[in-house]
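Read the structure below first, then the notes.
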Amino acid sequence: MPRTNAEVQALLQEYADLVRISGGDAFKARAYEKAARAVGGHPADVAGLDVKELREIPGVGRSIAEKIVEFLSSGQVSAVEERREHIPAGVRELIAIPQLGPRKAMLLHQELGISSVDALVAAIHGERLRDLKGFGEKTEQNILHGIELLRASGGRILLDAAMEVAERIVGELSALPGCERCAYAGSLRRMRDTIGDVDILVAAEASAPFMAALVALPEVAETLAHGEKKTSIRTAKGLQVDLRVLPPGSWGAGLQYFTGSKAHNIRTREIAVRRKLKLSEYGLFHAKSGRKITSETEEAIYERLGLPWIPPTLREDRGEIAAAERGELPDLITEDAVRGDLHTHTDLTDGLSSLEAMVEAAAARGYAYFAVTDHAPDLAMQRMTQEKMLAQRARVRELDRVHRGMRLLHGTELNIGPDGEVDWPGEFLAGFDICVASVHSHFNQSRDRLTRRLVRAAENPYVSVIGHPTTRRIGKRPGLDADFDAVFEACARTGTALEINSHPERLDLCDDDILRAKTYGVKFAVNSDAHSTTHLPYLRYGIGMAQRGWLTDEDVINTWPLGRLRRFLRPG
DNA sequence: GCCGTTTTCGGCCCGACTGTTTTCAGTCG
């Protein structure tokens, strides 16, 4: 997504929140929210568009277009500033807590003067909430639980947000004279699902110009350290970025060291010690003489430790060293190996892009096949009908004839009901090329019931893929409390694939689940769940998760040729 | 605030669940 679009999206969303908190017109708030989403999913950069061009974005009318133009020219919007004056930023933070919405947040502020999460926790412990109208003991407990959840992410941020910052900084620093190498390392290079801080490495003779360039970046809110070897900043959004400049000869050792994980590095250093060597961020040395053996590339360092190069996504001390020693590292799936996306939406339901635009964007990514899987009617807000689905199918078949290089599959994302049932009867499901089925409601059922529900969905002959199986939303909602071993076993038995949903807020299944599921012999599908053409590239994050789960092409059905995929999708 | 093949007003995605009420407001997907 272009950076400006993301900024405008955040601003419009903030305005929507502020309208809601101040008790303004709910429809007005919704209009801003809708426009925020539309700008976020708009394929072209909004920077440089005028009012007339902006109004062509669906959901953006005169008033919002003018606010966007004001933002583009001055960096702020007076209407937003005005509302910010009346509502402390801390009050808006409160609505990030699950179970706590704008009305309750405003009541807390007005009645108890609460304007931060900390103050809220103190008020709950002082049992001051239960006297408010609409609050009770149970509400206090729910809010506390929500805060725990929010804090469980430990201030870590989502993978895509960190990636965006890191790639932009790497781009800026790479362009400076004297830059021999530049890359991000750390948990971002290992593609963990959330990121604590961003580590950036530069190989250059002189460090000062790079340090100066980092602190001068526009998104820097605070400089935490500014030295010769290391400089740290914090961005306006609270993300810490550490920059280290290494002598070009130490590049490989530095990259290996700062990529981690800590546990992986401990293992590699132990191997070095056994070989009477010493490994540090400066290189691999003879323990006794201190003479340097190598430091220029990661490959050379691993080689001198008697190991093949280990992909960063495996460096978690989960058996990768032993596998490397035996020459049994998996031949990991790559994004290039993916032949098509099997879970995407259009503006027929809650997507932002038309069918035609989604198909164009998929073709541009070089896919051999592409499935359109809009929501089924039990997600009531989508107002789906059989007639709408059949009309879409007819259009998909037409487009399929036009796109000779790419086969289009017509599918749907079904809702797994409270007892494992899905939206439509078998006769209608038989008409789809692919059915993904996902849980979208009743998250708090008992463990037994949730398990039976998912198993029953896997046993449905028309269901080929279980979408975002745990339904977690990072920092917002934990995964379902079900017996997933039973679910994985059922999927293996019935030939139902488990999705690796690539949306940065989901990444579901996550790496640990994938590793466990794989032991049952399950197949997987790495999908974007795109709701806009701009979301199709999310696939890279799902691929990261799949690599962290040690998956190969063979494990993932959407790397397979179309014929083999179709046989897998066949009901039964 | 947006939108329009019932078009410049009067609708706006709908339904369920929870915890608080005693007939409903707030939150969520």
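FYI, nothing fancy with the structure tokens labels: chains A, B, ... in order, residues from 1 per chain, ligands from 1 as they appear.
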Could you list, as an NGL selection string, the residues of chain B having an atom within 9 Å of chain A when counting only C-alpha atoms (C1' of nucleotides)?
:B and (1-3 or 12-17 or 19-21 or 25-29)
Would you mind listing what lies within 7 Å of Trp251 of chain A as a PDB file with all heavy atoms, in the first residue's frame, with only C-alpha atoms (C1' of nucleotides) counted and same-chain residues fewer than 5 positions away left out?
```
ATOM      1  N   ALA A 203      26.778  -2.127   5.650  1.00  0.00           N
ATOM      2  CA  ALA A 203      28.215  -2.357   5.527  1.00  0.00           C
ATOM      3  C   ALA A 203      28.813  -1.162   4.812  1.00  0.00           C
ATOM      4  O   ALA A 203      28.442  -0.864   3.673  1.00  0.00           O
ATOM      5  CB  ALA A 203      28.482  -3.645   4.742  1.00  0.00           C
ATOM      6  N   LEU A 246      28.587  -1.713  10.003  1.00  0.00           N
ATOM      7  CA  LEU A 246      29.697  -2.650  10.165  1.00  0.00           C
ATOM      8  C   LEU A 246      30.742  -2.393   9.099  1.00  0.00           C
ATOM      9  O   LEU A 246      30.413  -1.946   7.999  1.00  0.00           O
ATOM     10  CB  LEU A 246      29.202  -4.095   9.965  1.00  0.00           C
ATOM     11  CG  LEU A 246      27.913  -4.536  10.625  1.00  0.00           C
ATOM     12  CD1 LEU A 246      27.415  -5.808   9.959  1.00  0.00           C
ATOM     13  CD2 LEU A 246      28.174  -4.774  12.097  1.00  0.00           C
ATOM     14  N   SER A 295      34.463 -13.923   7.895  1.00  0.00           N
ATOM     15  CA  SER A 295      33.422 -13.048   8.429  1.00  0.00           C
ATOM     16  C   SER A 295      32.623 -12.375   7.330  1.00  0.00           C
ATOM     17  O   SER A 295      31.691 -11.643   7.606  1.00  0.00           O
ATOM     18  CB  SER A 295      34.050 -11.966   9.324  1.00  0.00           C
ATOM     19  OG  SER A 295      34.925 -11.156   8.559  1.00  0.00           O
ATOM     20  N   GLU A 296      32.988 -12.623   6.067  1.00  0.00           N
ATOM     21  CA  GLU A 296      32.393 -11.809   5.002  1.00  0.00           C
ATOM     22  C   GLU A 296      30.986 -12.226   4.598  1.00  0.00           C
ATOM     23  O   GLU A 296      30.184 -11.393   4.211  1.00  0.00           O
ATOM     24  CB  GLU A 296      33.304 -11.792   3.775  1.00  0.00           C
ATOM     25  CG  GLU A 296      34.481 -10.871   4.005  1.00  0.00           C
ATOM     26  CD  GLU A 296      35.411 -10.771   2.826  1.00  0.00           C
ATOM     27  OE1 GLU A 296      35.004 -11.162   1.715  1.00  0.00           O
ATOM     28  OE2 GLU A 296      36.550 -10.307   3.026  1.00  0.00           O
ATOM     29  N   THR A 297      30.699 -13.532   4.653  1.00  0.00           N
ATOM     30  CA  THR A 297      29.354 -13.980   4.279  1.00  0.00           C
ATOM     31  C   THR A 297      28.838 -14.986   5.294  1.00  0.00           C
ATOM     32  O   THR A 297      29.618 -15.674   5.960  1.00  0.00           O
ATOM     33  CB  THR A 297      29.326 -14.658   2.883  1.00  0.00           C
ATOM     34  OG1 THR A 297      30.035 -15.891   2.976  1.00  0.00           O
ATOM     35  CG2 THR A 297      29.945 -13.769   1.815  1.00  0.00           C
TER      36      THR A 297
END
```
Apply DSSP to the structure's backbone, then extract all residues of segment 32-236 of chain A labelled strand (DSSP E) and return them as a list in words.
Ile157, Leu158, Arg181, Cys182, Ala183, Tyr184, Thr194, Ile195, Asp197, Val198, Asp199, Ile200, Leu201, Val202, Ala203, Val220, Ala221, Glu222, Thr223, Leu224, Ala225, His226, Lys230, Thr231, Ser232, Ile233, Arg234 and Thr235 of chain A
So which residues of segment 167-321 of chain A fall under alpha helix (DSSP H) by DSSP, listed as a short mmCIF file (atom, residue, chain, number, x, y, z; two decimals) with N, CA, C and O atoms, in the first residue's frame?
```cif
data_model
loop_
_atom_site.label_atom_id
_atom_site.label_comp_id
_atom_site.auth_asym_id
_atom_site.auth_seq_id
_atom_site.Cartn_x
_atom_site.Cartn_y
_atom_site.Cartn_z
N GLU A 167 11.69 -1.63 5.02
CA GLU A 167 12.04 -1.58 3.59
C GLU A 167 12.26 -0.14 3.14
O GLU A 167 13.11 0.12 2.28
N ARG A 168 11.50 0.78 3.74
CA ARG A 168 11.70 2.18 3.34
C ARG A 168 13.07 2.66 3.81
O ARG A 168 13.80 3.31 3.07
N ILE A 169 13.44 2.31 5.04
CA ILE A 169 14.73 2.77 5.56
C ILE A 169 15.88 2.11 4.80
O ILE A 169 16.86 2.76 4.45
N VAL A 170 15.74 0.82 4.52
CA VAL A 170 16.78 0.13 3.74
C VAL A 170 16.93 0.81 2.38
O VAL A 170 18.05 1.03 1.89
N GLY A 171 15.82 1.18 1.79
CA GLY A 171 15.86 1.87 0.50
C GLY A 171 16.60 3.19 0.59
O GLY A 171 17.47 3.50 -0.25
N GLU A 172 16.31 3.97 1.63
CA GLU A 172 16.95 5.28 1.80
C GLU A 172 18.46 5.13 2.02
O GLU A 172 19.27 5.83 1.40
N LEU A 173 18.83 4.22 2.92
CA LEU A 173 20.24 4.08 3.28
C LEU A 173 21.05 3.47 2.14
O LEU A 173 22.22 3.81 1.93
N SER A 174 20.42 2.57 1.37
CA SER A 174 21.12 1.91 0.26
C SER A 174 21.53 2.93 -0.80
O SER A 174 22.49 2.71 -1.53
N GLY A 186 17.23 -9.49 12.40
CA GLY A 186 16.33 -9.70 13.53
C GLY A 186 15.10 -10.52 13.21
O GLY A 186 15.05 -11.26 12.23
N SER A 187 14.09 -10.34 14.08
CA SER A 187 12.87 -11.16 13.94
C SER A 187 12.14 -10.85 12.64
O SER A 187 11.38 -11.68 12.14
N LEU A 188 12.38 -9.69 12.08
CA LEU A 188 11.75 -9.36 10.80
C LEU A 188 12.31 -10.25 9.69
O LEU A 188 11.56 -10.78 8.87
N ARG A 189 13.61 -10.44 9.68
CA ARG A 189 14.21 -11.32 8.67
C ARG A 189 13.78 -12.77 8.89
O ARG A 189 13.67 -13.54 7.95
N ALA A 208 29.23 7.54 10.03
CA ALA A 208 28.54 8.79 10.38
C ALA A 208 27.42 9.20 9.39
O ALA A 208 26.33 9.58 9.84
N PRO A 209 27.66 9.13 8.09
CA PRO A 209 26.59 9.57 7.18
C PRO A 209 25.30 8.76 7.32
O PRO A 209 24.20 9.31 7.18
N PHE A 210 25.44 7.49 7.66
CA PHE A 210 24.25 6.63 7.77
C PHE A 210 23.50 6.93 9.07
O PHE A 210 22.27 6.99 9.09
N MET A 211 24.27 7.13 10.13
CA MET A 211 23.65 7.48 11.41
C MET A 211 22.91 8.81 11.28
O MET A 211 21.78 8.95 11.78
N ALA A 212 23.54 9.75 10.60
CA ALA A 212 22.91 11.06 10.42
C ALA A 212 21.64 10.94 9.58
O ALA A 212 20.63 11.60 9.86
N ALA A 213 21.71 10.09 8.55
CA ALA A 213 20.55 9.93 7.67
C ALA A 213 19.38 9.32 8.44
O ALA A 213 18.22 9.72 8.25
N LEU A 214 19.67 8.37 9.33
CA LEU A 214 18.59 7.72 10.07
C LEU A 214 17.86 8.73 10.97
O LEU A 214 16.63 8.83 10.94
N VAL A 215 18.62 9.50 11.75
CA VAL A 215 17.96 10.42 12.69
C VAL A 215 17.24 11.54 11.95
O VAL A 215 16.36 12.20 12.52
N TRP A 251 30.43 -8.17 7.36
CA TRP A 251 29.02 -8.22 6.99
C TRP A 251 28.35 -9.54 7.37
O TRP A 251 27.31 -9.57 8.03
N GLY A 252 28.94 -10.65 6.93
CA GLY A 252 28.31 -11.95 7.15
C GLY A 252 28.14 -12.27 8.63
O GLY A 252 27.09 -12.73 9.07
N ALA A 253 29.20 -11.99 9.41
CA ALA A 253 29.15 -12.28 10.84
C ALA A 253 28.10 -11.41 11.52
O ALA A 253 27.34 -11.88 12.38
N GLY A 254 28.06 -10.14 11.13
CA GLY A 254 27.08 -9.22 11.72
C GLY A 254 25.66 -9.63 11.37
O GLY A 254 24.76 -9.67 12.23
N LEU A 255 25.45 -9.98 10.11
CA LEU A 255 24.11 -10.38 9.67
C LEU A 255 23.66 -11.64 10.40
O LEU A 255 22.52 -11.74 10.86
N GLN A 256 24.59 -12.58 10.53
CA GLN A 256 24.25 -13.83 11.22
C GLN A 256 23.90 -13.54 12.68
O GLN A 256 22.88 -13.99 13.19
N TYR A 257 24.73 -12.73 13.32
CA TYR A 257 24.55 -12.43 14.73
C TYR A 257 23.24 -11.68 14.97
O TYR A 257 22.45 -12.04 15.86
N PHE A 258 22.98 -10.63 14.19
CA PHE A 258 21.82 -9.79 14.45
C PHE A 258 20.52 -10.38 13.89
O PHE A 258 19.44 -9.87 14.17
N THR A 259 20.63 -11.44 13.11
CA THR A 259 19.40 -12.11 12.67
C THR A 259 18.85 -13.01 13.78
O THR A 259 17.65 -13.14 13.94
N LYS A 262 18.26 -15.66 19.36
CA LYS A 262 19.25 -15.82 20.43
C LYS A 262 19.54 -17.30 20.64
O LYS A 262 20.69 -17.72 20.76
N ALA A 263 18.47 -18.10 20.67
CA ALA A 263 18.64 -19.55 20.92
C ALA A 263 19.45 -20.20 19.79
O ALA A 263 20.31 -21.04 20.04
N HIS A 264 19.19 -19.78 18.56
CA HIS A 264 19.93 -20.33 17.42
C HIS A 264 21.40 -19.92 17.53
O HIS A 264 22.30 -20.73 17.28
N ASN A 265 21.65 -18.68 17.92
CA ASN A 265 23.03 -18.20 18.02
C ASN A 265 23.80 -18.94 19.11
O ASN A 265 24.99 -19.22 18.95
N ILE A 266 23.12 -19.25 20.20
CA ILE A 266 23.78 -20.01 21.27
C ILE A 266 24.24 -21.36 20.71
O ILE A 266 25.37 -21.79 20.91
N ARG A 267 23.36 -22.00 19.95
CA ARG A 267 23.71 -23.30 19.34
C ARG A 267 24.91 -23.18 18.41
O ARG A 267 25.82 -24.00 18.44
N THR A 268 24.90 -22.16 17.55
CA THR A 268 25.99 -22.04 16.58
C THR A 268 27.30 -21.74 17.31
O THR A 268 28.37 -22.24 16.93
N ARG A 269 27.23 -20.95 18.40
CA ARG A 269 28.47 -20.65 19.14
C ARG A 269 28.99 -21.90 19.86
O ARG A 269 30.19 -22.09 19.96
N GLU A 270 28.06 -22.75 20.31
CA GLU A 270 28.50 -24.02 20.94
C GLU A 270 29.23 -24.89 19.93
O GLU A 270 30.25 -25.51 20.26
N ILE A 271 28.72 -24.92 18.71
CA ILE A 271 29.40 -25.71 17.68
C ILE A 271 30.80 -25.14 17.44
O ILE A 271 31.77 -25.88 17.31
N ALA A 272 30.89 -23.82 17.42
CA ALA A 272 32.19 -23.18 17.23
C ALA A 272 33.15 -23.59 18.34
O ALA A 272 34.30 -23.97 18.07
N VAL A 273 32.66 -23.57 19.57
CA VAL A 273 33.52 -23.91 20.71
C VAL A 273 34.02 -25.35 20.58
O VAL A 273 35.20 -25.64 20.79
N ARG A 274 33.12 -26.27 20.18
CA ARG A 274 33.54 -27.67 20.00
C ARG A 274 34.63 -27.80 18.96
O ARG A 274 35.45 -28.70 18.99
N GLU A 298 27.50 -15.05 5.40
CA GLU A 298 26.88 -16.05 6.28
C GLU A 298 27.21 -17.46 5.80
O GLU A 298 27.48 -18.35 6.61
N GLU A 299 27.21 -17.64 4.48
CA GLU A 299 27.46 -18.96 3.92
C GLU A 299 28.80 -19.51 4.39
O GLU A 299 28.92 -20.67 4.79
N ALA A 300 29.83 -18.64 4.33
CA ALA A 300 31.18 -19.09 4.70
C ALA A 300 31.25 -19.44 6.18
O ALA A 300 31.93 -20.40 6.57
N ILE A 301 30.54 -18.68 7.01
CA ILE A 301 30.55 -18.96 8.45
C ILE A 301 29.90 -20.31 8.74
O ILE A 301 30.47 -21.16 9.43
N TYR A 302 28.71 -20.52 8.17
CA TYR A 302 28.05 -21.81 8.40
C TYR A 302 28.92 -22.96 7.86
O TYR A 302 29.02 -24.02 8.47
N GLU A 303 29.56 -22.72 6.72
CA GLU A 303 30.37 -23.77 6.11
C GLU A 303 31.51 -24.18 7.03
O GLU A 303 31.79 -25.37 7.22
N ARG A 304 32.18 -23.18 7.63
CA ARG A 304 33.29 -23.49 8.53
C ARG A 304 32.83 -24.14 9.82
O ARG A 304 33.61 -24.69 10.58
N GLU A 320 16.76 -27.17 13.72
CA GLU A 320 17.35 -26.87 12.41
C GLU A 320 18.84 -27.19 12.36
O GLU A 320 19.35 -27.57 11.30
N ILE A 321 19.53 -27.07 13.51
CA ILE A 321 20.97 -27.36 13.50
C ILE A 321 21.18 -28.85 13.27
O ILE A 321 21.99 -29.25 12.42
#
```
State, in Å with one decimal place, the distance from atom CA of Ile97 of chain A to atom CA of Ser22 of chain A.
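Distance reported for this atom pair: 17.6 Å.
By only C-alpha atoms (C1' of nucleotides), and with residues fewer than 3 positions from Ala492 of chain A along its chain excluded, the set lying at most 7 Å from it is Phe488, Glu489, Gly495, Thr496, Tyr520, Gly521 and Val522 of chain A.
Note that the spacing between atom CA of Cys435 of chain A and atom CA of Ile466 of chain A amounts to 8.8 Å.
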Which is closer to Thr494 of chain A than all the others in A:Gly544, A:Pro571, A:Pro425, A:Pro330, using only C-alpha atoms?
A:Pro571
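Between atom CA of Asp336 of chain A and atom CA of Asp317 of chain A the separation is 26.3 Å.
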